[in-house]
Amino acid sequence: MDQVLEGVRVIDLGIAWAGVHCTKLLADMGAEVIRLESPVEPNLRGPARPPPGFGIYPNNDPGERPWNRAGMFNERHRNKLGLCLDLTAEEGQAIFHELVAVSDVLVENYSARVAAKLGFGYERLRPINPTLIVMSMPGMGRTGPMRDAVSYGATLEELSGAAALNGYPDGPAEHSGSYYTDPASGLLAAGAVVAALQHRRRTGKGGHIELSQLEGAVRLVGEAFLNYQMDPQRPRRMGNRHAWAAPHNTFPCKPTTGPDGQASEEWVALEVYTDEDFRRLCLAIGRPDLADDPRYAGGLDRHQNQGTLESIITEWTRQRGSLDATRELQRAGVAAGAVLNGRQHLNDSHLAARGFFETVRHPEAGTFPVLGMHFKLSRTPGSVRTPAPTLGQHNAWVVGDLLGRSTGDVADLSARRVLATEPADAVEQPGLSGSPPAIAPLG
Amino acid sequence: MLDQLLSHLRVLDLSDGVAGAHCTTLLAGLGADVIKVEPPQGDLLRRYGRFPGDHAHPERSALFLYENAGKRSITVDLRQKAGGKLLLEMARSADVVVESFSPGVLGQMGLGYQQLQKANPRIVLTSITWFGQTGPYRHWSGGPMVTFALGGLMELSGEPEREPLRMPSFVLERIVGLNAFTATLAATYVAATSALGQTVDVSFMETVASIHEHTVPAVVFKGEAPSRVGNLSLPWILVPCKDGHLGFNGVTGGNRWERLCSLLGMPELKDDPRFKDGGARNRNGHELAMVIYNWASDKEKNEVFHRAQRAGLPLGYVQEVDEVLAMEQLRVRGFFVAVDHPAAGTLEYPALPLRYSDGAQRGPEPPRTLRRAPLLGEHTEEVLASIGYSRDDVVRLRQIGAV
């Protein structure tokens, strides 16, 4: 067995990020993931005629079929097959049910109400295939007064208490900029799906897993709720300082000039916990005297006097670039890390040595690097095997080869746009529409 | 039902720190038998707190209690020969070992994958480190902020005019734990049919890199490296309001734009040349953010949130810790579970964010449950007895400090 989930078929009905991150992981682990997309507004492929500056396209060129060149889509959906099917059409529903009958897993992150309306409530699917595992991962959960609320990762950071804990000491709650609740939910969901697959293998039973993304987000800051019960005070935001360890912060380095002639600031993150860590830091920055200074003798002293320590450290960091600072400090056994910018990240030597970034060749978007595996398994490593599908790329394979419809049937369904390879806004007649719909880029 | 999914798995958790603990508490919640192997002086998190009344007590640390729900605990000094031998014997009837030693340390103790595999060919060894088992940084000193920085994601966090911002609480540690959770289940899934285990390499830096999709496509296709944009950048805008903060998330695009203008009571905004289409709104994003900022300043979060959601606008609002604890959406779903503990008393814990049914059950869903965290070494005797150690054996091992 080469791949963890070889032979497992997944129907991917995920939208935005959380749901599709789950299926990304399943696909990376070798499952056959069929991404089921709507012909009306396929999620995250962008508009048929993107306004200037919109989205991410190779060389900023949307090309003739922009929906097949969307940068984020092509990162997220590698290793998957593409079925573009109109679920609002009766025949679309029929095909969908036939697909459900021969699949192992279905992943969706709609609200319960919308999922049922679109025809994939568990009560509807279970009779078709009792061994099916359905992973429903709505933002708010399937029940409760807010079950129909629409949410993004940013919303979940806000509602979960995470945003209130995030920010500078003198500032308000901050968004994360990374919207981590989405991939966190996807990661947890993928694991839960594999747990259900293990259970199914032993019992023969499928089932319905519900993951509330809001609850998952609360879990990410979970100790705060026990802390509060012990001491009912709202915690204060600390920026990059630490509750008890010092020095612990980011420090400005010598700015560098990029290839475009622009100066860009650089920062290095530093974490010092023990007396021994502190001693090594003092030696590394040429200040051995500080190691014996009573003002910084113990953790408590260092924490109280961290302002002064930070000034001293800053004098040192300002004289070198962040990569140099990192190397010097790490050589001395100090936990330090440059805040890498995008180019530095893509070219990082450690990720390169570990083969983290993989290369994919896409029929309409060229050859480019994509993120690799979340984890490394020694015997059944995953890999990036195929590019993200073009819209409806595998319509004929799914409906014809897998579900056994005739070539004539497939052609007929395509002619009537029950199956499609172009989004609706590409086929509307020119001159009838005003400016193309501007769709907010989804995280 | 949920706690039957993994009732076939036994996990030995040697890890310290939040990441490994978070991974295995999740496995325990799904029914795995998780045996936490603590050093005789106890797990690190027992010293972290918070503590009731701020009095440190190894059985009353909030962080430990939260991250170790559902596990058993034995104390073993792995560096002693007798301790190491004990672990290898336990490995014979275990499916997984989770550890977070620096690369090579477990091997130096004679407990690396080669030795574990001899005891049990199906064993899965999940190793959690800052930088991974291989690569030029593998012996570097790490930490959650350092790896967040080196993983490239810290560049996107915080306000543009200020220093980049780390993740709050133990968020990154827990995401690493989720990564280890999924990776471990992947490896045990394969071990069941192949009868062979493997090693699992989970690292903070690669976890960061894996959840970080925003940058690579932009750099590769547009030649632009994104940086932090702060709270006032479309489409994710967080602004102060009368009684807190409101999140205007993804509300400025497509058919939401018109509804936003209605919500703001500013229908004329729709035709304002600065904001007339998506491109214009992006170009003048800061101005639009300021319009929203000024509008929200005297509004109440709950009122606006409900009005907006009714109009199909995905607004949010910042909740403080106590507001989350009181949140009806969570309470109605039984998400906070009261768990009693002999030393820490009764506290409410966030349950697992998962529910499972196989469709056969009828009637209302059973309430969620959580088993408490163990006392230090609470299960030493019971576990040793289960692998054939006599009472005298245990006494002897205790005398030499091996358990």
# chains A, B, ... in the order shown; residues from 1 in each chain; ligands from 1

call {"tool": "select_by_dssp", "arguments": {"residues": "segment 269-379 of chain A", "states": "strand (DSSP E or B)", "output": "list in words"}}
result
Ala269, Leu270, Glu271, Ala335, Ala336, Gly337, Ala338, Glu358, Thr359, Val360, Arg361, His362, Gly366, Thr367, Phe368, Pro369, Val370, Lys376 and Leu377 of chain A

call {"tool": "write_last_selection", "arguments": {"atoms": "C-alpha atoms", "output": "PDB file, in the first residue's frame"}}
result
ATOM      1  CA  ALA A 269      11.782  36.754  17.276  1.00  0.00           C
ATOM      2  CA  LEU A 270      13.539  35.769  20.490  1.00  0.00           C
ATOM      3  CA  GLU A 271      12.422  33.462  23.293  1.00  0.00           C
ATOM      4  CA  ALA A 335      15.986  30.333  20.387  1.00  0.00           C
ATOM      5  CA  ALA A 336      15.757  32.999  17.717  1.00  0.00           C
ATOM      6  CA  GLY A 337      13.956  33.145  14.388  1.00  0.00           C
ATOM      7  CA  ALA A 338      13.813  35.736  11.624  1.00  0.00           C
ATOM      8  CA  GLU A 358       6.498  20.395  -4.320  1.00  0.00           C
ATOM      9  CA  THR A 359       6.155  21.258  -7.982  1.00  0.00           C
ATOM     10  CA  VAL A 360       3.021  20.707  -9.995  1.00  0.00           C
ATOM     11  CA  ARG A 361       2.353  21.071 -13.722  1.00  0.00           C
ATOM     12  CA  HIS A 362      -1.100  22.416 -14.529  1.00  0.00           C
ATOM     13  CA  GLY A 366       1.812  26.379 -15.974  1.00  0.00           C
ATOM     14  CA  THR A 367       4.355  24.813 -13.650  1.00  0.00           C
ATOM     15  CA  PHE A 368       4.638  26.162 -10.124  1.00  0.00           C
ATOM     16  CA  PRO A 369       5.455  25.274  -6.524  1.00  0.00           C
ATOM     17  CA  VAL A 370       2.757  24.294  -4.059  1.00  0.00           C
ATOM     18  CA  LYS A 376       6.010  13.130   7.091  1.00  0.00           C
ATOM     19  CA  LEU A 377       5.166   9.457   7.344  1.00  0.00           C
TER      20      LEU A 377
END

call {"tool": "interface_residues", "arguments": {"of": "chain B", "to": "chain A", "cutoff": "6 Å", "atoms": "only C-alpha atoms", "output": "ChimeraX atom specification"}}
result
/B:5,50,52,62-63,135-136,141-142,146,149-150,152,155-157,166,168-169,171,175,178,182,190,198-202,207,210-211,215,217,221-222,225,253-254,278,314,316-321,329,353-358

call {"tool": "residues_around", "arguments": {"residues": "segment 81-90 of chain B", "least_positions_apart": "5", "cutoff": "7 Å", "atoms": "only C-alpha atoms", "output": "ChimeraX atom specification"}}
result
/B:76,111,116,119,402-403

call {"tool": "residues_around", "arguments": {"residues": "segment 16-23 of chain B", "least_positions_apart": "6", "cutoff": "7 Å", "atoms": "only C-alpha atoms", "output": "ChimeraX atom specification"}}
result
/B:43-45,67-68,98,100,128,173-174,176-178,180-181

call {"tool": "select_by_dssp", "arguments": {"residues": "segment 94-276 of chain B", "states": "alpha helix (DSSP H)", "output": "VMD selection string"}}
result
chain B and resid 105 to 108 113 to 119 144 to 150 171 to 194 204 to 210 215 to 217 256 to 263
